[in-house]
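Enquirer: Handing over query-v6.csv, CSV, C-alpha atoms.
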```
chain,number,residue,atom,x,y,z
A,1,MET,CA,211.1,71.5,299.4
A,2,ARG,CA,210.0,73.9,302.2
A,3,LYS,CA,208.2,72.1,305.0
A,4,ILE,CA,205.0,73.6,306.2
A,5,VAL,CA,204.5,73.6,309.9
A,6,PHE,CA,201.0,73.9,311.4
A,7,ASN,CA,200.6,75.6,314.7
A,8,PRO,CA,197.8,73.8,316.6
A,9,LEU,CA,197.2,76.8,318.9
A,10,LEU,CA,196.8,79.2,315.9
A,11,ILE,CA,194.4,76.8,314.2
A,12,SER,CA,192.3,76.4,317.3
A,13,VAL,CA,192.0,80.2,317.7
A,14,LEU,CA,191.0,80.6,314.0
A,15,LEU,CA,188.3,77.9,314.4
A,16,VAL,CA,186.8,79.6,317.5
A,17,LEU,CA,186.7,83.0,315.8
A,18,SER,CA,185.1,81.5,312.7
A,19,CYS,CA,182.3,79.8,314.8
A,20,HIS,CA,181.5,83.1,316.5
A,21,SER,CA,181.6,85.3,313.5
A,22,GLU,CA,178.4,86.9,312.2
A,23,TYR,CA,177.3,89.5,309.6
A,24,ARG,CA,176.6,92.9,311.1
A,25,SER,CA,174.9,95.5,308.9
A,26,GLU,CA,176.7,98.8,309.3
A,27,HIS,CA,173.8,100.8,307.9
A,28,ILE,CA,170.3,100.1,306.6
A,29,GLN,CA,168.2,102.7,304.9
A,30,TYR,CA,164.5,102.4,304.2
A,31,THR,CA,162.7,104.4,301.6
A,32,SER,CA,159.0,104.7,301.5
A,33,TYR,CA,157.1,105.3,298.3
A,34,ARG,CA,153.5,106.6,298.1
A,35,ILE,CA,151.4,105.3,295.3
A,36,LYS,CA,149.2,107.9,293.8
A,37,ASN,CA,146.3,107.6,291.4
A,38,SER,CA,147.8,110.1,289.1
A,39,ALA,CA,147.8,108.1,285.9
A,40,THR,CA,145.6,109.6,283.1
A,41,ALA,CA,143.4,107.5,281.0
A,42,ASP,CA,144.4,106.9,277.4
A,43,PRO,CA,141.7,108.5,275.2
A,44,GLU,CA,142.1,105.9,272.5
A,45,ILE,CA,141.8,103.0,274.8
A,46,SER,CA,138.8,104.6,276.6
A,47,SER,CA,137.1,105.1,273.3
A,48,VAL,CA,137.6,101.5,272.4
A,49,MET,CA,136.4,100.2,275.8
A,50,LYS,CA,133.4,102.6,276.2
A,51,PRO,CA,130.9,100.6,274.1
A,52,PHE,CA,131.8,97.4,276.1
A,53,ALA,CA,131.6,99.2,279.4
A,54,ASP,CA,128.3,100.8,278.5
A,55,SER,CA,126.9,97.4,277.5
A,56,VAL,CA,128.0,95.7,280.7
A,57,ASN,CA,126.7,98.6,282.9
A,58,LYS,CA,123.3,98.5,281.1
A,59,ARG,CA,123.0,94.8,281.6
A,60,MET,CA,124.1,94.8,285.2
A,61,ASN,CA,121.7,97.7,286.0
A,62,GLY,CA,118.8,96.1,284.2
A,63,VAL,CA,115.8,95.0,286.4
A,64,ILE,CA,115.1,91.3,286.0
A,65,CYS,CA,112.6,90.7,288.8
A,66,GLN,CA,110.9,92.3,291.8
A,67,ASN,CA,111.4,91.2,295.4
A,68,GLU,CA,108.3,91.2,297.6
A,69,THR,CA,109.9,91.8,301.0
A,70,LYS,CA,113.3,92.4,302.4
A,71,LEU,CA,115.3,89.1,302.7
A,72,GLU,CA,118.0,88.8,305.4
A,73,HIS,CA,121.0,86.6,305.9
A,74,LYS,CA,121.0,85.3,309.5
A,75,ARG,CA,122.2,82.2,311.3
A,76,ARG,CA,118.6,81.2,311.9
A,77,ALA,CA,115.8,81.6,309.4
A,78,SER,CA,118.0,83.0,306.7
A,79,THR,CA,115.3,84.1,304.3
A,80,LEU,CA,118.0,85.3,301.9
A,81,GLY,CA,119.6,81.8,302.1
A,82,TYR,CA,116.2,80.1,301.6
A,83,PHE,CA,115.6,82.2,298.5
A,84,ILE,CA,118.9,80.9,297.1
A,85,THR,CA,118.2,77.2,297.9
A,86,ASP,CA,114.7,77.6,296.5
A,87,ALA,CA,116.3,78.7,293.2
A,88,TYR,CA,118.8,75.8,293.3
A,89,LEU,CA,116.1,73.2,294.0
A,90,TYR,CA,113.8,74.5,291.3
A,91,MET,CA,116.4,74.8,288.6
A,92,ALA,CA,118.0,71.4,289.6
A,93,ASN,CA,114.7,69.7,288.9
A,94,GLN,CA,114.5,71.4,285.5
A,95,LYS,CA,118.0,70.1,284.7
A,96,SER,CA,117.7,66.6,286.0
A,97,ALA,CA,115.7,63.7,284.7
A,98,GLU,CA,115.3,62.4,288.3
A,99,LYS,CA,113.6,64.2,291.1
A,100,VAL,CA,115.9,66.2,293.4
A,101,ASP,CA,114.7,66.2,297.0
A,102,ALA,CA,116.6,69.1,298.7
A,103,ALA,CA,119.1,71.9,298.1
A,104,PHE,CA,121.7,73.4,300.4
A,105,MET,CA,123.7,76.6,300.7
A,106,ASN,CA,126.7,77.3,302.9
A,107,SER,CA,126.4,80.4,305.0
A,108,GLY,CA,129.8,81.8,304.1
A,109,GLY,CA,129.0,81.7,300.4
A,110,ILE,CA,126.3,84.3,300.8
A,111,ARG,CA,127.9,87.6,300.1
A,112,MET,CA,125.1,90.0,300.9
A,113,GLN,CA,123.5,90.6,304.3
A,114,GLU,CA,120.1,91.5,302.8
A,115,LEU,CA,118.2,91.9,299.6
A,116,PRO,CA,115.9,94.9,299.8
A,117,ALA,CA,112.3,94.8,298.7
A,118,GLY,CA,111.7,96.2,295.2
A,119,ALA,CA,113.6,96.0,291.9
A,120,VAL,CA,116.3,93.3,291.6
A,121,THR,CA,119.0,93.9,289.0
A,122,GLU,CA,121.3,91.3,287.4
A,123,GLY,CA,124.2,93.1,289.2
A,124,LYS,CA,122.6,92.4,292.5
A,125,ILE,CA,122.6,88.7,291.8
A,126,TYR,CA,126.3,88.9,290.9
A,127,GLU,CA,126.9,90.6,294.3
A,128,LEU,CA,124.9,87.9,296.0
A,129,MET,CA,126.8,85.1,294.3
A,130,PRO,CA,130.2,86.4,292.9
A,131,PHE,CA,131.7,82.9,292.6
A,132,ASP,CA,131.7,80.6,289.6
A,133,ASN,CA,130.7,77.6,291.7
A,134,LEU,CA,129.1,74.7,289.9
A,135,MET,CA,125.9,72.8,290.7
A,136,TYR,CA,126.5,69.2,291.9
A,137,ILE,CA,123.7,66.7,292.4
A,138,LEU,CA,124.5,64.0,295.0
A,139,LYS,CA,122.9,60.7,295.6
A,140,ILE,CA,123.1,60.3,299.4
A,141,LYS,CA,121.9,57.7,301.9
A,142,GLY,CA,119.4,58.9,304.4
A,143,SER,CA,121.8,58.1,307.3
A,144,LEU,CA,124.5,60.3,305.8
A,145,LEU,CA,122.0,63.1,305.1
A,146,LYS,CA,121.0,63.1,308.8
A,147,GLN,CA,124.7,63.1,309.8
A,148,TYR,CA,125.4,66.1,307.5
A,149,LEU,CA,122.4,68.0,308.9
A,150,ASP,CA,123.8,67.4,312.4
A,151,THR,CA,127.1,69.0,311.4
A,152,LEU,CA,125.3,72.0,310.0
A,153,ALA,CA,123.1,72.4,313.1
A,154,ALA,CA,126.2,72.3,315.3
A,155,SER,CA,128.0,75.0,313.3
A,156,ASP,CA,126.7,77.7,311.0
A,157,GLY,CA,123.1,76.7,310.9
A,158,ILE,CA,121.0,74.9,308.2
A,159,ILE,CA,120.1,76.7,305.0
A,160,GLN,CA,118.1,74.4,302.8
A,161,SER,CA,115.0,73.8,300.7
A,162,GLY,CA,112.9,70.7,300.4
A,163,LEU,CA,113.0,69.5,304.0
A,164,THR,CA,111.4,70.4,307.4
A,165,VAL,CA,114.0,70.1,310.1
A,166,GLN,CA,113.6,70.3,313.9
A,167,VAL,CA,116.7,71.3,315.9
A,168,LYS,CA,117.2,71.2,319.6
A,169,ASN,CA,120.5,71.8,321.5
A,170,ARG,CA,122.3,72.0,318.1
A,171,MET,CA,121.2,68.5,317.2
A,172,VAL,CA,118.7,67.5,314.6
A,173,GLN,CA,115.7,65.8,316.2
A,174,GLU,CA,113.4,65.2,313.2
A,175,VAL,CA,113.6,65.5,309.4
A,176,MET,CA,110.7,65.4,307.1
A,177,ILE,CA,110.9,65.0,303.3
A,178,ASP,CA,107.7,65.3,301.2
A,179,GLY,CA,105.7,65.0,304.4
A,180,LYS,CA,107.4,61.8,305.4
A,181,PRO,CA,110.0,61.1,308.0
A,182,LEU,CA,113.6,60.7,306.8
A,183,ASP,CA,114.4,57.1,306.0
A,184,GLU,CA,118.0,56.4,306.9
A,185,ASN,CA,118.1,53.4,304.5
A,186,ALA,CA,116.7,55.3,301.5
A,187,ASP,CA,118.6,57.2,298.9
A,188,TYR,CA,117.9,60.9,298.3
A,189,ARG,CA,119.2,63.4,295.8
A,190,ILE,CA,120.4,66.8,297.0
A,191,VAL,CA,122.0,69.9,295.4
A,192,HIS,CA,125.1,71.6,296.6
A,193,SER,CA,128.0,73.6,295.3
A,194,ASP,CA,131.2,72.0,294.0
A,195,TYR,CA,133.2,73.9,296.5
A,196,VAL,CA,131.4,72.5,299.5
A,197,VAL,CA,131.3,69.0,298.2
A,198,ASN,CA,135.0,69.0,297.5
A,199,THR,CA,136.0,70.5,300.8
A,200,THR,CA,133.6,68.5,303.1
A,201,PRO,CA,135.0,65.1,304.1
A,202,LEU,CA,131.5,63.6,304.5
A,203,LEU,CA,130.3,64.8,301.1
A,204,LYS,CA,133.4,64.3,299.0
A,205,LYS,CA,133.1,60.5,299.3
A,206,ILE,CA,129.6,60.5,297.8
A,207,ASN,CA,128.9,60.0,294.1
A,208,TYR,CA,127.8,63.2,292.4
A,209,THR,CA,126.7,64.5,289.0
A,210,ASN,CA,128.4,67.7,287.8
A,211,THR,CA,125.7,69.6,285.9
A,212,VAL,CA,128.3,72.0,284.4
A,213,TYR,CA,125.8,74.7,285.4
A,214,LEU,CA,126.8,77.7,287.4
A,215,LEU,CA,124.9,78.3,290.6
A,216,ARG,CA,124.8,82.0,289.9
A,217,ASN,CA,123.1,81.2,286.6
A,218,ALA,CA,120.6,79.0,288.5
A,219,ILE,CA,119.6,82.0,290.6
A,220,LEU,CA,119.4,84.3,287.5
A,221,ASP,CA,117.3,81.7,285.5
A,222,TYR,CA,115.0,81.3,288.5
A,223,VAL,CA,114.3,85.0,288.9
A,224,VAL,CA,113.8,85.4,285.2
A,225,TYR,CA,111.4,82.5,285.3
A,226,LEU,CA,109.5,84.2,288.2
A,227,ASN,CA,109.3,87.5,286.4
A,228,GLY,CA,108.0,85.7,283.3
A,229,GLN,CA,105.2,84.2,285.4
A,230,GLY,CA,104.3,87.6,286.7
A,231,LYS,CA,105.6,86.6,290.2
A,232,LYS,CA,107.9,88.3,292.7
A,233,ILE,CA,110.6,86.7,294.8
A,234,THR,CA,109.0,85.3,297.9
A,235,VAL,CA,110.1,82.9,300.6
A,236,SER,CA,106.9,81.4,301.9
A,237,ASP,CA,108.1,78.6,304.1
A,238,LYS,CA,110.2,80.5,306.7
A,239,ASP,CA,109.8,77.7,309.3
A,240,ARG,CA,111.5,75.0,307.3
A,241,VAL,CA,114.1,74.8,310.1
A,242,ILE,CA,112.5,74.9,313.6
A,243,TYR,CA,114.7,75.6,316.6
A,244,ALA,CA,113.2,74.2,319.8
A,245,ASP,CA,115.8,75.9,322.1
```
Re-express the file's structure as structure tokens.
Expert:
Amino acid sequence: MRKIVFNPLLISVLLVLSCHSEYRSEHIQYTSYRIKNSATADPEISSVMKPFADSVNKRMNGVICQNETKLEHKRRASTLGYFITDAYLYMANQKSAEKVDAAFMNSGGIRMQELPAGAVTEGKIYELMPFDNLMYILKIKGSLLKQYLDTLAASDGIIQSGLTVQVKNRMVQEVMIDGKPLDENADYRIVHSDYVVNTTPLLKKINYTNTVYLLRNAILDYVVYLNGQGKKITVSDKDRVIYAD
């Protein structure tokens, strides 16, 4: 049998070379492609879809209510936000057997900066609330409600209905509910979106009722109700959040 002899020097050289070896690309070629809107519509598909498209467009462009004055989305005195929470609070009380005290809206969920005065279409409500968020009703202790209001005052501002809140130096100084001071030991019922409840550490620990009712539908039902009463969209209590600074 032939004896295999290992050369220690050769092995060492090979190991060193292997440790310092690397892949080097000799040539890389990039090709850019431009996407053009050159596809033509299929006449047969278009003819099938046209009745549905016409129906949707007619519904979205249909006037469902009138807006009295321009509503704006601002950090302070967001009249557009107040309109939304007015709708939530009213419809929550229609859906619930127990009284709902207040309603809230997160600033980032409002997807329009203003709602002009005049005719309001169903499509505008979809622009305002494009998300399929659900209405949650929470039973919350007064002390936790005060704590939540403090977090809102320190960040994006308070958008709510049902309360009168005084804020100074980004801290809540006073809260009134039904003309009475907030009782930190009492229980209150508030309306909020499932998204905010599930993503806010303070709120996600609180028991809630899922109404299985879309918040967008709450706004739609509210404006249809106003129109049926011969009323326009109005936000009467613009000083529900008072800033002392």
Enquirer: Excluding Leu203 in chain A and residues on its chain fewer than 2 positions from it, collect all residues at most 12 Å away from it, counting only C-alpha atoms, and give them as number ranges by chain.
Expert: A: 136-141, 144-145, 147-149, 151, 190-201, 205-208
Enquirer: What's the 9 Å shell around Asp132 in chain A, counting only C-alpha atoms, without same-chain residues fewer than 4 positions away, as a PDB file with C-alpha atoms, in the coordinates of the input?
Expert:
```pdb
ATOM      1  CA  LEU A 214     126.800  77.700 287.400  1.00  0.00           C
ATOM      2  CA  LEU A 215     124.900  78.300 290.600  1.00  0.00           C
ATOM      3  CA  ARG A 216     124.800  82.000 289.900  1.00  0.00           C
TER       4      ARG A 216
END
```
Enquirer: May I ask for the distance between CA of Arg111 in chain A and CA of Leu128 in chain A, given in Å to one decimal place?
Expert: 5.1 Å
Enquirer: Could you work out how far CA of Val224 in chain A lies from CA of Ala92 in chain A, giving the answer in Å with one decimal?
Expert: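 These atoms are spaced 15.3 Å apart.
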Enquirer: Could you tell me how far CA of Leu80 in chain A lies from CA of Gly108 in chain A, in Å and to one decimal?
Expert: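 CA of Leu80 in chain A sits 12.5 Å away from CA of Gly108 in chain A.
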Enquirer: Using the incomplete input, complete range 52-77 of chain A to the level of N, CA and C atoms; output as an mmCIF file, in the coordinates of the input.
Expert:
```
data_model
loop_
_atom_site.group_PDB
_atom_site.id
_atom_site.type_symbol
_atom_site.label_atom_id
_atom_site.label_comp_id
_atom_site.auth_asym_id
_atom_site.auth_seq_id
_atom_site.Cartn_x
_atom_site.Cartn_y
_atom_site.Cartn_z
ATOM 1 N N PHE A 52 131.857 98.618 275.290
ATOM 2 C CA PHE A 52 131.800 97.400 276.100
ATOM 3 C C PHE A 52 131.350 97.746 277.525
ATOM 4 N N ALA A 53 131.949 98.808 278.077
ATOM 5 C CA ALA A 53 131.600 99.200 279.400
ATOM 6 C C ALA A 53 130.143 99.638 279.520
ATOM 7 N N ASP A 54 129.667 100.372 278.534
ATOM 8 C CA ASP A 54 128.300 100.800 278.500
ATOM 9 C C ASP A 54 127.332 99.604 278.444
ATOM 10 N N SER A 55 127.734 98.612 277.627
ATOM 11 C CA SER A 55 126.900 97.400 277.500
ATOM 12 C C SER A 55 126.809 96.634 278.778
ATOM 13 N N VAL A 56 127.976 96.462 279.455
ATOM 14 C CA VAL A 56 128.000 95.700 280.700
ATOM 15 C C VAL A 56 127.201 96.464 281.787
ATOM 16 N N ASN A 57 127.402 97.788 281.873
ATOM 17 C CA ASN A 57 126.700 98.600 282.900
ATOM 18 C C ASN A 57 125.168 98.533 282.638
ATOM 19 N N LYS A 58 124.766 98.603 281.391
ATOM 20 C CA LYS A 58 123.300 98.500 281.100
ATOM 21 C C LYS A 58 122.756 97.188 281.473
ATOM 22 N N ARG A 59 123.519 96.123 281.209
ATOM 23 C CA ARG A 59 123.000 94.800 281.600
ATOM 24 C C ARG A 59 122.981 94.607 283.077
ATOM 25 N N MET A 60 124.032 95.025 283.795
ATOM 26 C CA MET A 60 124.100 94.800 285.200
ATOM 27 C C MET A 60 123.015 95.667 285.963
ATOM 28 N N ASN A 61 122.646 96.808 285.386
ATOM 29 C CA ASN A 61 121.700 97.700 286.000
ATOM 30 C C ASN A 61 120.228 97.395 285.549
ATOM 31 N N GLY A 62 120.089 96.420 284.660
ATOM 32 C CA GLY A 62 118.800 96.100 284.200
ATOM 33 C C GLY A 62 117.950 95.312 285.198
ATOM 34 N N VAL A 63 116.698 95.690 285.383
ATOM 35 C CA VAL A 63 115.800 95.000 286.400
ATOM 36 C C VAL A 63 115.320 93.713 285.756
ATOM 37 N N ILE A 64 115.508 92.625 286.497
ATOM 38 C CA ILE A 64 115.100 91.300 286.000
ATOM 39 C C ILE A 64 113.964 90.698 286.817
ATOM 40 N N CYS A 65 113.678 91.277 287.980
ATOM 41 C CA CYS A 65 112.600 90.700 288.800
ATOM 42 C C CYS A 65 112.305 91.732 289.933
ATOM 43 N N GLN A 66 111.223 91.469 290.648
ATOM 44 C CA GLN A 66 110.900 92.300 291.800
ATOM 45 C C GLN A 66 110.901 91.372 293.065
ATOM 46 N N ASN A 67 111.385 91.935 294.163
ATOM 47 C CA ASN A 67 111.400 91.200 295.400
ATOM 48 C C ASN A 67 110.312 91.737 296.334
ATOM 49 N N GLU A 68 109.502 90.824 296.838
ATOM 50 C CA GLU A 68 108.300 91.200 297.600
ATOM 51 C C GLU A 68 108.632 91.891 298.918
ATOM 52 N N THR A 69 109.477 91.259 299.732
ATOM 53 C CA THR A 69 109.900 91.800 301.000
ATOM 54 C C THR A 69 111.360 91.653 301.232
ATOM 55 N N LYS A 70 111.913 92.432 302.129
ATOM 56 C CA LYS A 70 113.300 92.400 302.400
ATOM 57 C C LYS A 70 113.730 90.960 302.875
ATOM 58 N N LEU A 71 114.779 90.415 302.277
ATOM 59 C CA LEU A 71 115.300 89.100 302.700
ATOM 60 C C LEU A 71 116.607 89.310 303.400
ATOM 61 N N GLU A 72 116.802 88.590 304.514
ATOM 62 C CA GLU A 72 118.000 88.800 305.400
ATOM 63 C C GLU A 72 118.777 87.506 305.502
ATOM 64 N N HIS A 73 120.083 87.691 305.651
ATOM 65 C CA HIS A 73 121.000 86.600 305.900
ATOM 66 C C HIS A 73 121.306 86.504 307.377
ATOM 67 N N LYS A 74 120.752 85.497 308.052
ATOM 68 C CA LYS A 74 121.000 85.300 309.500
ATOM 69 C C LYS A 74 121.309 83.852 309.740
ATOM 70 N N ARG A 75 121.813 83.591 310.943
ATOM 71 C CA ARG A 75 122.200 82.200 311.300
ATOM 72 C C ARG A 75 120.906 81.341 311.333
ATOM 73 N N ARG A 76 119.845 81.881 311.870
ATOM 74 C CA ARG A 76 118.600 81.200 311.900
ATOM 75 C C ARG A 76 117.557 81.849 311.045
ATOM 76 N N ALA A 77 116.784 81.043 310.334
ATOM 77 C CA ALA A 77 115.800 81.600 309.400
ATOM 78 C C ALA A 77 116.341 82.580 308.462
#
```
